[in-house]
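A quick write-up on the structure given underneath.
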Amino acid sequence: MLQSSIHHHTLFKKAPEWAASGAKLGFALEVEFTNERCDYEMSKESLLRGDALMGNTLMSVEPLNEPSFVSSNGIETVKVLPGAYGCQIQGIESRQYAFRFFLDFPEGAKRNDVSLPAERIYFISSCWLADDEAVIGRARKRRDEIVKSLEQIKLDIEEIQQKSSGFFERAMAFRQSFDLVERRGNFVAQLEELEQKYPLDPAKIIHGPNDIIFAKEGAIAVKRLRGTMGTREQYHW
């Protein structure tokens, strides 16, 4: 299930006609990612197929419900048409996959001054194949080791600062602190890389079927055709 929450500040920042009040348009949409190839026209979508990361195999994604929301006009439904998705491995060791799909919203939707454009909308995120718990277990262990090292560096820096009083002591403390700060930066970079590659934060992931873990958040892009012939593609992020 997709929980869509549309408002000016997080999803659609660039288009001036979209909401500026900070109000939201939220609805729940259930979809099925099928094992069937998508239509030929859909397979030519540049944001999916144009990226070598996504490979050449694009499959069909089908909406399973008619999402709705409450506005000043009462309960309103949002028309959603089938789309396509692609999934391609990004990290062999981490079993992380790039995951992208789009759906068409031919009539859009509007709630107060918040609008869902009547366009093709892309959802861009990541997922992981978690059939080998040992892989994630090793990543968790490494994360815990890094966190412990960072805590120790913090204590070491505080101790050095407390003990340095004279000129030479302060000079020595500066050198020691510099080395510790450099080590801390390296550990922070390693921690960030680890958390990007592996699904380690329970608050940021959702466990799906077939041992697949999905990232809760991602990016959204709206496709629009511009130019005199309506053939120039633009994407609003």
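We label chains A, B, ... in the order they appear in the structure tokens, count residues from 1 in each chain, and number ligands from 1 in the order shown.
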Notebook entry, point to check: Where does DSSP see strand (DSSP E) in stretch 87-146 of chain A, if you list the residues as a PyMOL selection string?
Noted result: chain A and resi 87-91+96-104+109-111+114-116+120-129
Could you list, with a cut-off of 12 Å and counting only C-alpha atoms, the residues of stretch 56-138 of chain A near stretch 215-219 of chain A, each shown with its nearest atom pair and the distance in Å rounded to one decimal, rows sorted by chain and ascending number, as CSV?
```
residue,atom,partner,partner_atom,distance
A:Gln96,CA,A:Ala215,CA,10.5
A:Tyr97,CA,A:Ala215,CA,10.5
A:Ala98,CA,A:Ala215,CA,10.5
A:Phe99,CA,A:Ala215,CA,9.6
A:Arg100,CA,A:Ala219,CA,9.6
A:Phe101,CA,A:Ala219,CA,11.0
A:Phe102,CA,A:Ala219,CA,11.7
A:Ile121,CA,A:Ala219,CA,10.5
A:Tyr122,CA,A:Ala219,CA,8.1
A:Phe123,CA,A:Ala219,CA,6.0
A:Ile124,CA,A:Ala219,CA,5.1
A:Ser125,CA,A:Gly218,CA,4.5
A:Ser126,CA,A:Ala215,CA,5.7
A:Cys127,CA,A:Ala215,CA,5.9
A:Trp128,CA,A:Ala215,CA,8.4
A:Leu129,CA,A:Ala215,CA,11.8
```
Using only all heavy atoms, please write the residues we just selected to a file, as a CSV table (one decimal), in the first residue's frame.
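The result, stored in again-v6.csv:
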```
chain,number,residue,atom,x,y,z
A,96,GLN,N,20.9,-4.6,-2.4
A,96,GLN,CA,20.1,-3.5,-2.6
A,96,GLN,C,19.7,-3.3,-4.0
A,96,GLN,O,20.6,-3.4,-4.9
A,96,GLN,CB,20.8,-2.2,-2.0
A,96,GLN,CG,20.0,-0.9,-2.1
A,96,GLN,CD,20.8,0.3,-1.7
A,96,GLN,OE1,22.0,0.3,-1.8
A,96,GLN,NE2,20.1,1.3,-1.1
A,97,TYR,N,18.5,-2.9,-4.3
A,97,TYR,CA,18.0,-2.7,-5.6
A,97,TYR,C,17.4,-1.3,-5.8
A,97,TYR,O,16.8,-0.7,-4.9
A,97,TYR,CB,16.9,-3.7,-6.0
A,97,TYR,CG,17.3,-5.1,-6.2
A,97,TYR,CD1,17.7,-5.9,-5.1
A,97,TYR,CD2,17.4,-5.7,-7.4
A,97,TYR,CE1,18.1,-7.2,-5.2
A,97,TYR,CE2,17.8,-7.0,-7.6
A,97,TYR,CZ,18.2,-7.7,-6.5
A,97,TYR,OH,18.6,-9.0,-6.7
A,98,ALA,N,17.7,-0.7,-6.9
A,98,ALA,CA,17.0,0.5,-7.3
A,98,ALA,C,15.6,0.2,-7.8
A,98,ALA,O,15.4,-0.8,-8.5
A,98,ALA,CB,17.8,1.2,-8.5
A,99,PHE,N,14.6,0.9,-7.3
A,99,PHE,CA,13.2,0.6,-7.5
A,99,PHE,C,12.5,1.8,-8.0
A,99,PHE,O,12.4,2.8,-7.3
A,99,PHE,CB,12.6,0.0,-6.2
A,99,PHE,CG,11.2,-0.3,-6.3
A,99,PHE,CD1,10.7,-1.2,-7.3
A,99,PHE,CD2,10.3,0.2,-5.4
A,99,PHE,CE1,9.4,-1.5,-7.3
A,99,PHE,CE2,8.9,-0.1,-5.4
A,99,PHE,CZ,8.5,-1.0,-6.4
A,100,ARG,N,11.9,1.8,-9.2
A,100,ARG,CA,11.2,2.9,-9.7
A,100,ARG,C,9.9,2.4,-10.4
A,100,ARG,O,9.9,1.4,-11.0
A,100,ARG,CB,12.1,3.6,-10.8
A,100,ARG,CG,13.3,4.2,-10.3
A,100,ARG,CD,14.1,4.9,-11.4
A,100,ARG,NE,15.4,5.4,-10.9
A,100,ARG,CZ,16.3,6.1,-11.7
A,100,ARG,NH1,16.0,6.3,-13.0
A,100,ARG,NH2,17.4,6.5,-11.2
A,101,PHE,N,8.9,3.2,-10.3
A,101,PHE,CA,7.7,2.9,-11.0
A,101,PHE,C,6.9,4.2,-11.2
A,101,PHE,O,7.1,5.2,-10.6
A,101,PHE,CB,6.8,1.9,-10.3
A,101,PHE,CG,6.2,2.4,-9.0
A,101,PHE,CD1,4.9,2.9,-8.9
A,101,PHE,CD2,7.0,2.3,-7.8
A,101,PHE,CE1,4.4,3.3,-7.7
A,101,PHE,CE2,6.4,2.7,-6.6
A,101,PHE,CZ,5.1,3.2,-6.5
A,102,PHE,N,5.9,4.1,-12.2
A,102,PHE,CA,5.0,5.3,-12.4
A,102,PHE,C,3.6,4.8,-12.5
A,102,PHE,O,3.3,3.7,-12.8
A,102,PHE,CB,5.5,6.1,-13.6
A,102,PHE,CG,5.2,5.4,-14.9
A,102,PHE,CD1,4.0,5.3,-15.5
A,102,PHE,CD2,6.3,4.8,-15.6
A,102,PHE,CE1,3.7,4.6,-16.7
A,102,PHE,CE2,6.1,4.1,-16.8
A,102,PHE,CZ,4.8,4.1,-17.4
A,121,ILE,N,3.1,10.3,-12.8
A,121,ILE,CA,3.9,10.5,-11.6
A,121,ILE,C,4.8,9.3,-11.3
A,121,ILE,O,4.4,8.2,-11.3
A,121,ILE,CB,3.0,10.8,-10.4
A,121,ILE,CG1,2.2,12.1,-10.7
A,121,ILE,CG2,3.8,11.0,-9.1
A,121,ILE,CD1,1.3,12.5,-9.6
A,122,TYR,N,6.1,9.6,-11.1
A,122,TYR,CA,7.1,8.6,-10.8
A,122,TYR,C,7.4,8.6,-9.3
A,122,TYR,O,7.4,9.6,-8.6
A,122,TYR,CB,8.4,9.0,-11.5
A,122,TYR,CG,8.4,8.7,-13.0
A,122,TYR,CD1,7.9,9.5,-14.0
A,122,TYR,CD2,9.0,7.5,-13.5
A,122,TYR,CE1,7.9,9.2,-15.3
A,122,TYR,CE2,9.0,7.1,-14.8
A,122,TYR,CZ,8.5,8.0,-15.7
A,122,TYR,OH,8.5,7.7,-17.0
A,123,PHE,N,7.6,7.3,-8.9
A,123,PHE,CA,8.0,7.1,-7.5
A,123,PHE,C,9.4,6.4,-7.6
A,123,PHE,O,9.5,5.4,-8.2
A,123,PHE,CB,7.0,6.2,-6.8
A,123,PHE,CG,5.6,6.8,-6.8
A,123,PHE,CD1,4.7,6.6,-7.9
A,123,PHE,CD2,5.1,7.4,-5.7
A,123,PHE,CE1,3.5,7.1,-7.9
A,123,PHE,CE2,3.8,8.0,-5.7
A,123,PHE,CZ,3.0,7.8,-6.8
A,124,ILE,N,10.3,6.9,-6.9
A,124,ILE,CA,11.7,6.5,-7.0
A,124,ILE,C,12.2,6.1,-5.6
A,124,ILE,O,12.2,7.0,-4.7
A,124,ILE,CB,12.6,7.5,-7.6
A,124,ILE,CG1,12.0,7.8,-9.0
A,124,ILE,CG2,14.0,7.1,-7.7
A,124,ILE,CD1,12.7,9.0,-9.7
A,125,SER,N,12.6,4.9,-5.4
A,125,SER,CA,13.1,4.5,-4.0
A,125,SER,C,14.1,3.3,-4.2
A,125,SER,O,14.7,3.1,-5.2
A,125,SER,CB,11.8,4.1,-3.2
A,125,SER,OG,12.2,3.8,-1.9
A,126,SER,N,14.2,2.6,-3.1
A,126,SER,CA,15.1,1.4,-3.0
A,126,SER,C,14.4,0.3,-2.3
A,126,SER,O,13.4,0.4,-1.5
A,126,SER,CB,16.4,1.7,-2.2
A,126,SER,OG,17.1,2.8,-2.9
A,127,CYS,N,14.9,-0.9,-2.6
A,127,CYS,CA,14.4,-2.1,-1.8
A,127,CYS,C,15.6,-3.1,-1.7
A,127,CYS,O,16.6,-2.9,-2.3
A,127,CYS,CB,13.2,-2.8,-2.5
A,127,CYS,SG,13.6,-3.4,-4.2
A,128,TRP,N,15.4,-4.0,-0.8
A,128,TRP,CA,16.5,-5.0,-0.5
A,128,TRP,C,15.9,-6.4,-0.5
A,128,TRP,O,14.8,-6.6,0.0
A,128,TRP,CB,17.1,-4.8,0.9
A,128,TRP,CG,17.9,-3.5,1.0
A,128,TRP,CD1,19.2,-3.3,0.9
A,128,TRP,CD2,17.3,-2.2,1.3
A,128,TRP,NE1,19.5,-2.0,1.1
A,128,TRP,CE2,18.4,-1.3,1.3
A,128,TRP,CE3,16.1,-1.7,1.6
A,128,TRP,CZ2,18.3,0.1,1.6
A,128,TRP,CZ3,15.9,-0.4,1.8
A,128,TRP,CH2,17.0,0.5,1.8
A,129,LEU,N,16.7,-7.4,-1.0
A,129,LEU,CA,16.3,-8.8,-0.9
A,129,LEU,C,16.9,-9.3,0.4
A,129,LEU,O,18.1,-9.4,0.6
A,129,LEU,CB,16.8,-9.6,-2.1
A,129,LEU,CG,16.5,-11.0,-2.1
A,129,LEU,CD1,14.9,-11.2,-2.1
A,129,LEU,CD2,17.1,-11.7,-3.4
```
Give me the residues of stretch 102-179 of chain A that have any atom at most 9 Å from an atom of stretch 69-91 of chain A; for each, the nearest atom pair and the distance in Å, rounded to one decimal. Use only C-alpha atoms, sort by chain and number, and format it as a tab-separated table.
```
residue	atom	partner	partner_atom	distance
A:Phe102	CA	A:Gly83	CA	5.3
A:Leu103	CA	A:Gly83	CA	4.5
A:Asp104	CA	A:Leu81	CA	5.1
A:Phe105	CA	A:Val80	CA	4.9
A:Pro106	CA	A:Lys79	CA	6.8
A:Glu107	CA	A:Lys79	CA	6.4
A:Gly108	CA	A:Val78	CA	6.9
A:Ala109	CA	A:Val78	CA	6.3
A:Lys110	CA	A:Ser71	CA	8.3
A:Arg111	CA	A:Ser71	CA	5.6
A:Asn112	CA	A:Ser71	CA	7.3
A:Arg120	CA	A:Gly83	CA	8.8
A:Ser126	CA	A:Cys87	CA	8.7
A:Cys127	CA	A:Cys87	CA	8.7
A:Trp128	CA	A:Ile89	CA	8.9
```
Item checked: Close residues, stretch 42-44 of chain A itself excluded, 8 Å, only C-alpha atoms, min 3 positions apart in chain, as JSON, numbers by chain -> {"A": [38, 39, 48, 49, 58, 83, 84]}
Since we have the selection now, will you write its residues out, keeping N, CA, C and O atoms, as a compact mmCIF listing (two decimals), in the first residue's frame?
```txt
# COMPACT_ATOMS: atom_id res chain seq x y z
N CYS A 38 5.11 -4.70 -19.20
CA CYS A 38 4.21 -3.56 -19.42
C CYS A 38 3.99 -3.35 -20.92
O CYS A 38 4.65 -3.97 -21.76
N ASP A 39 3.05 -2.48 -21.25
CA ASP A 39 2.79 -2.14 -22.65
C ASP A 39 4.03 -1.55 -23.31
O ASP A 39 4.88 -0.94 -22.65
N LEU A 48 12.64 5.66 -16.75
CA LEU A 48 12.87 4.28 -16.36
C LEU A 48 13.93 3.64 -17.25
O LEU A 48 14.99 3.26 -16.79
N ARG A 49 13.65 3.56 -18.51
CA ARG A 49 14.53 2.82 -19.41
C ARG A 49 15.77 3.63 -19.80
O ARG A 49 16.81 3.05 -20.13
N LEU A 58 10.99 -3.95 -18.04
CA LEU A 58 10.01 -3.17 -17.28
C LEU A 58 8.71 -3.95 -17.22
O LEU A 58 8.23 -4.47 -18.21
N GLY A 83 0.57 1.44 -14.59
CA GLY A 83 1.85 1.98 -15.02
C GLY A 83 2.88 0.88 -15.18
O GLY A 83 2.54 -0.27 -15.47
N ALA A 84 4.13 1.23 -14.98
CA ALA A 84 5.22 0.27 -15.16
C ALA A 84 6.25 0.45 -14.06
O ALA A 84 6.32 1.51 -13.43
```
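Nearest to A:Ile212 of all the residues A:Lys141, A:Leu191, A:Pro199, A:Asp179 is A:Pro199, counting only C-alpha atoms.
Within the 12 Å cut-off around stretch 134-136 of chain A, using only C-alpha atoms and omitting residues fewer than 6 positions from it on the same chain, the listed residues are Ile92, Glu93, Ser94, Arg95, Gln96, Trp128, Arg142, Arg143, Leu194, Glu195, Lys197, Tyr198, Pro199, Leu200, Asp201 and Ile213 of chain A.
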Can you write just those residues out, C-alpha atoms, as a PDB file, in the first residue's frame?
```
ATOM      1  CA  ILE A  92      25.667  -7.109  -4.788  1.00  0.00           C
ATOM      2  CA  GLU A  93      26.947  -7.445  -1.232  1.00  0.00           C
ATOM      3  CA  SER A  94      24.087  -5.487   0.351  1.00  0.00           C
ATOM      4  CA  ARG A  95      21.467  -6.943  -2.038  1.00  0.00           C
ATOM      5  CA  GLN A  96      20.097  -3.450  -2.565  1.00  0.00           C
ATOM      6  CA  TRP A 128      16.463  -5.009  -0.471  1.00  0.00           C
ATOM      7  CA  ARG A 142      29.683  -3.227  11.878  1.00  0.00           C
ATOM      8  CA  ARG A 143      27.305  -0.324  12.596  1.00  0.00           C
ATOM      9  CA  LEU A 194      26.534   1.655   5.712  1.00  0.00           C
ATOM     10  CA  GLU A 195      23.097   3.075   6.473  1.00  0.00           C
ATOM     11  CA  LYS A 197      23.464   0.463   1.611  1.00  0.00           C
ATOM     12  CA  TYR A 198      21.649  -1.639   4.211  1.00  0.00           C
ATOM     13  CA  PRO A 199      18.136  -1.528   5.755  1.00  0.00           C
ATOM     14  CA  LEU A 200      19.309  -0.964   9.329  1.00  0.00           C
ATOM     15  CA  ASP A 201      16.823   1.597  10.679  1.00  0.00           C
ATOM     16  CA  ILE A 213      12.322  -4.872   2.423  1.00  0.00           C
TER      17      ILE A 213
END
```
Notebook entry, point to check: Just asking: which residues within stretch 98-172 of chain A are helix (DSSP H, G or I) according to DSSP, as a PyMOL selection string?
Noted result: chain A and resi 133-163+167-172
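When atom CA of A:Pro209 is paired with atom CA of A:Val31, their separation reads 13.4 Å.
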Margin query: I'd like the contact shell of A:Glu145 - 10 Å cut-off, only C-alpha atoms, skipping same-chain residues fewer than 6 positions apart - returned as an MDAnalysis selection string.
Written below: chainID A and resid 139 151 187 191
Would you mind exporting N, CA and C atoms of the selected residues as a short mmCIF file (atom, residue, chain, number, x, y, z; two decimals), in the first residue's frame?
```
data_model
loop_
_atom_site.label_atom_id
_atom_site.label_comp_id
_atom_site.auth_asym_id
_atom_site.auth_seq_id
_atom_site.Cartn_x
_atom_site.Cartn_y
_atom_site.Cartn_z
N ALA A 139 26.12 -6.35 8.82
CA ALA A 139 26.04 -4.89 8.69
C ALA A 139 25.66 -4.25 10.03
N GLU A 151 31.58 6.95 20.12
CA GLU A 151 31.36 7.31 21.52
C GLU A 151 32.68 7.41 22.27
N PHE A 187 34.87 7.69 10.51
CA PHE A 187 33.84 6.79 11.03
C PHE A 187 32.44 7.26 10.65
N LEU A 191 29.70 5.20 8.57
CA LEU A 191 28.36 4.94 9.10
C LEU A 191 27.29 5.37 8.12
#
```
Next item on the list: Go ahead and compute the interatomic distance for atom CA of A:Phe214 and atom CA of A:Leu64, in Å to one decimal.
Entry: 19.0 Å
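Taking atom CA of A:Val222 as the reference point, atom CA of A:Gln234 is found at 8.1 Å.
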Residue neighbourhood A:Glu182, 12 Å, only C-alpha atoms, exclusion window fewer than 5 positions, as a CSV table (one decimal) with C-alpha atoms, in the first residue's frame:
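And here's selection_8.csv as it stands now:
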```
chain,number,residue,atom,x,y,z
A,150,LEU,CA,32.4,7.3,17.9
A,153,ILE,CA,36.4,9.3,20.5
A,157,ILE,CA,38.4,14.5,23.2
A,175,ARG,CA,47.5,17.5,17.8
A,176,GLN,CA,45.8,14.6,19.5
A,177,SER,CA,42.4,16.2,19.1
A,187,PHE,CA,33.8,6.8,11.0
A,188,VAL,CA,30.9,9.1,10.3
A,189,ALA,CA,31.4,8.7,6.6
```
